[in-house]
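Student: The structure follows.
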Amino acid sequence: MAKKFGTSSTPIIRAAQTDARKNVSKWRWGILGICLSLLPFFKIFILGIAAAFVYLLIPKIDLSTHERVQIYSKHPALYTEQYRKIAKMLRFMYILCGWIIGIFILNPI
(Lines give C-alpha, C1' and ligand atoms only; values in the text may rest on other atoms or scores of the structure.)
Protein backbone atom coordinates (compact mmCIF):
# COMPACT_ATOMS: atom_id res chain seq x y z
CA MET A 1 0.00 0.00 0.00
CA ALA A 2 2.90 2.34 0.64
CA LYS A 3 3.90 2.15 -3.02
CA LYS A 4 0.65 3.83 -4.05
CA PHE A 5 1.70 7.02 -2.32
CA GLY A 6 5.19 7.18 -3.81
CA THR A 7 8.50 7.96 -2.19
CA SER A 8 7.27 11.15 -0.52
CA SER A 9 5.35 9.04 2.02
CA THR A 10 8.41 7.05 3.14
CA PRO A 11 9.24 9.50 5.98
CA ILE A 12 5.62 9.19 7.16
CA ILE A 13 5.89 5.40 7.24
CA ARG A 14 9.19 5.56 9.11
CA ALA A 15 7.76 8.05 11.60
CA ALA A 16 4.71 5.84 12.21
CA GLN A 17 6.92 2.79 12.77
CA THR A 18 9.22 4.68 15.15
CA ASP A 19 6.30 6.12 17.12
CA ALA A 20 4.63 2.71 17.40
CA ARG A 21 7.85 1.15 18.69
CA LYS A 22 8.15 3.89 21.32
CA ASN A 23 4.53 3.61 22.46
CA VAL A 24 4.11 -0.17 22.73
CA SER A 25 5.15 -1.25 26.22
CA LYS A 26 7.48 -4.22 25.83
CA TRP A 27 7.42 -5.31 29.47
CA ARG A 28 3.62 -5.02 29.84
CA TRP A 29 2.84 -7.24 26.87
CA GLY A 30 5.68 -9.62 27.79
CA ILE A 31 4.27 -10.06 31.29
CA LEU A 32 0.88 -10.82 29.76
CA GLY A 33 2.55 -13.56 27.70
CA ILE A 34 4.24 -14.99 30.81
CA CYS A 35 0.90 -14.97 32.64
CA LEU A 36 -0.73 -16.80 29.73
CA SER A 37 1.92 -19.51 29.96
CA LEU A 38 1.06 -20.05 33.65
CA LEU A 39 -2.45 -21.25 32.81
CA PRO A 40 -2.39 -25.04 33.10
CA PHE A 41 -4.93 -25.83 30.40
CA PHE A 42 -5.00 -25.33 26.65
CA LYS A 43 -1.96 -23.06 26.48
CA ILE A 44 -1.97 -22.79 22.68
CA PHE A 45 -5.71 -22.08 22.67
CA ILE A 46 -5.26 -19.26 25.22
CA LEU A 47 -2.39 -17.84 23.15
CA GLY A 48 -4.67 -17.83 20.09
CA ILE A 49 -7.36 -15.94 22.00
CA ALA A 50 -4.75 -13.40 23.15
CA ALA A 51 -3.55 -12.98 19.55
CA ALA A 52 -7.12 -12.35 18.37
CA PHE A 53 -7.63 -9.86 21.21
CA VAL A 54 -4.45 -7.96 20.26
CA TYR A 55 -5.54 -7.89 16.62
CA LEU A 56 -8.94 -6.39 17.53
CA LEU A 57 -7.52 -3.90 20.02
CA ILE A 58 -7.00 -0.58 18.23
CA PRO A 59 -3.88 1.26 19.39
CA LYS A 60 -4.23 4.92 20.24
CA ILE A 61 -2.04 7.32 18.29
CA ASP A 62 -0.18 9.71 20.57
CA LEU A 63 -0.19 13.19 19.06
CA SER A 64 1.21 14.99 22.09
CA THR A 65 4.14 16.64 20.31
CA HIS A 66 4.02 19.24 17.55
CA GLU A 67 6.32 17.18 15.28
CA ARG A 68 3.95 14.20 15.39
CA VAL A 69 0.99 16.41 14.52
CA GLN A 70 2.87 17.80 11.50
CA ILE A 71 3.83 14.31 10.27
CA TYR A 72 0.32 12.99 10.89
CA SER A 73 -1.31 15.91 9.05
CA LYS A 74 0.66 15.19 5.84
CA HIS A 75 -1.14 11.90 5.25
CA PRO A 76 -3.22 10.73 8.24
CA ALA A 77 -4.58 7.55 6.62
CA LEU A 78 -1.15 6.15 5.75
CA TYR A 79 0.31 7.14 9.12
CA THR A 80 -2.61 5.54 10.97
CA GLU A 81 -2.44 2.34 8.93
CA GLN A 82 1.30 1.89 9.42
CA TYR A 83 1.13 2.81 13.11
CA ARG A 84 -1.63 0.30 13.84
CA LYS A 85 0.02 -2.45 11.82
CA ILE A 86 3.35 -2.08 13.62
CA ALA A 87 1.75 -1.67 17.07
CA LYS A 88 -0.35 -4.83 16.66
CA MET A 89 2.64 -6.81 15.39
CA LEU A 90 4.83 -5.64 18.28
CA ARG A 91 2.16 -6.46 20.85
CA PHE A 92 1.77 -9.97 19.46
CA MET A 93 5.53 -10.52 19.30
CA TYR A 94 5.98 -9.40 22.92
CA ILE A 95 3.13 -11.70 24.07
CA LEU A 96 4.62 -14.60 22.11
CA CYS A 97 8.12 -14.00 23.50
CA GLY A 98 6.75 -13.71 27.04
CA TRP A 99 4.74 -16.90 26.55
CA ILE A 100 7.80 -18.79 25.32
CA ILE A 101 9.92 -17.48 28.21
CA GLY A 102 7.18 -18.53 30.65
CA ILE A 103 7.08 -22.03 29.13
CA PHE A 104 10.87 -22.37 29.51
CA ILE A 105 10.77 -21.14 33.11
CA LEU A 106 7.95 -23.53 34.08
CA ASN A 107 9.22 -26.58 32.18
CA PRO A 108 12.97 -26.87 32.76
CA ILE A 109 14.73 -29.39 30.55
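FYI, nothing fancy with the C-alpha coordinates labels: chains A, B, ... in order, residues from 1 per chain, ligands from 1 as they appear.
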Any idea what's packed within 10 Å of range 38-54 of chain A, counting only C-alpha atoms, ignoring anything in its chain fewer than 5 positions away? Could you give it as a list in words?

Tutor: Trp29, Leu32, Gly33, Pro59, Ala87, Lys88, Met89, Leu90, Arg91, Phe92, Met93, Ile95, Leu96, Trp99, Gly102, Ile103, Ile105 and Leu106 of chain A

Student: Just the residues within 7 Å of range 68-79 of chain A, please, counting only C-alpha atoms, with nothing from its chain fewer than 6 positions along; format it as a PyMOL selection string.

Tutor: chain A and resi 12-13+16

Student: Between CA of Ala20 in chain A and CA of Leu56 in chain A, what distance in Å does the model show, to one decimal?

Tutor: 16.3 Å

Student: Among chain A, which residues does DSSP mark as helix (DSSP H, G or I) when it is run on the backbone? Keep the chain and numbering as in the structure and answer as a PyMOL selection string.

Tutor: chain A and resi 2-5+7-23+26-38+43-56+66-74+76-106

Student: Work out how far apart CA of Gly30 in chain A and CA of Leu57 in chain A are and give it in Å to one decimal.

Tutor: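 Here the two named atoms are 16.3 Å from each other.
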
Student: Nearest to Ile31 in chain A: which of A:Gln82, A:Cys97, A:Pro11, A:Asn107 is it, counting only C-alpha atoms?

Tutor: A:Cys97

Student: Given only C-alpha atoms as the basis, pick out the residue of A:Ser37, A:Asp19, A:Thr10, A:Tyr94 nearest to Ser64 in chain A.

Tutor: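 With only C-alpha atoms as the atom set, the closest residue is A:Asp19.
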
Student: Using only C-alpha atoms, can you tell me which of A:Arg28, A:Ile101, A:Lys22, A:Ala15 comes closest to Glu67 in chain A?

Tutor: A:Ala15
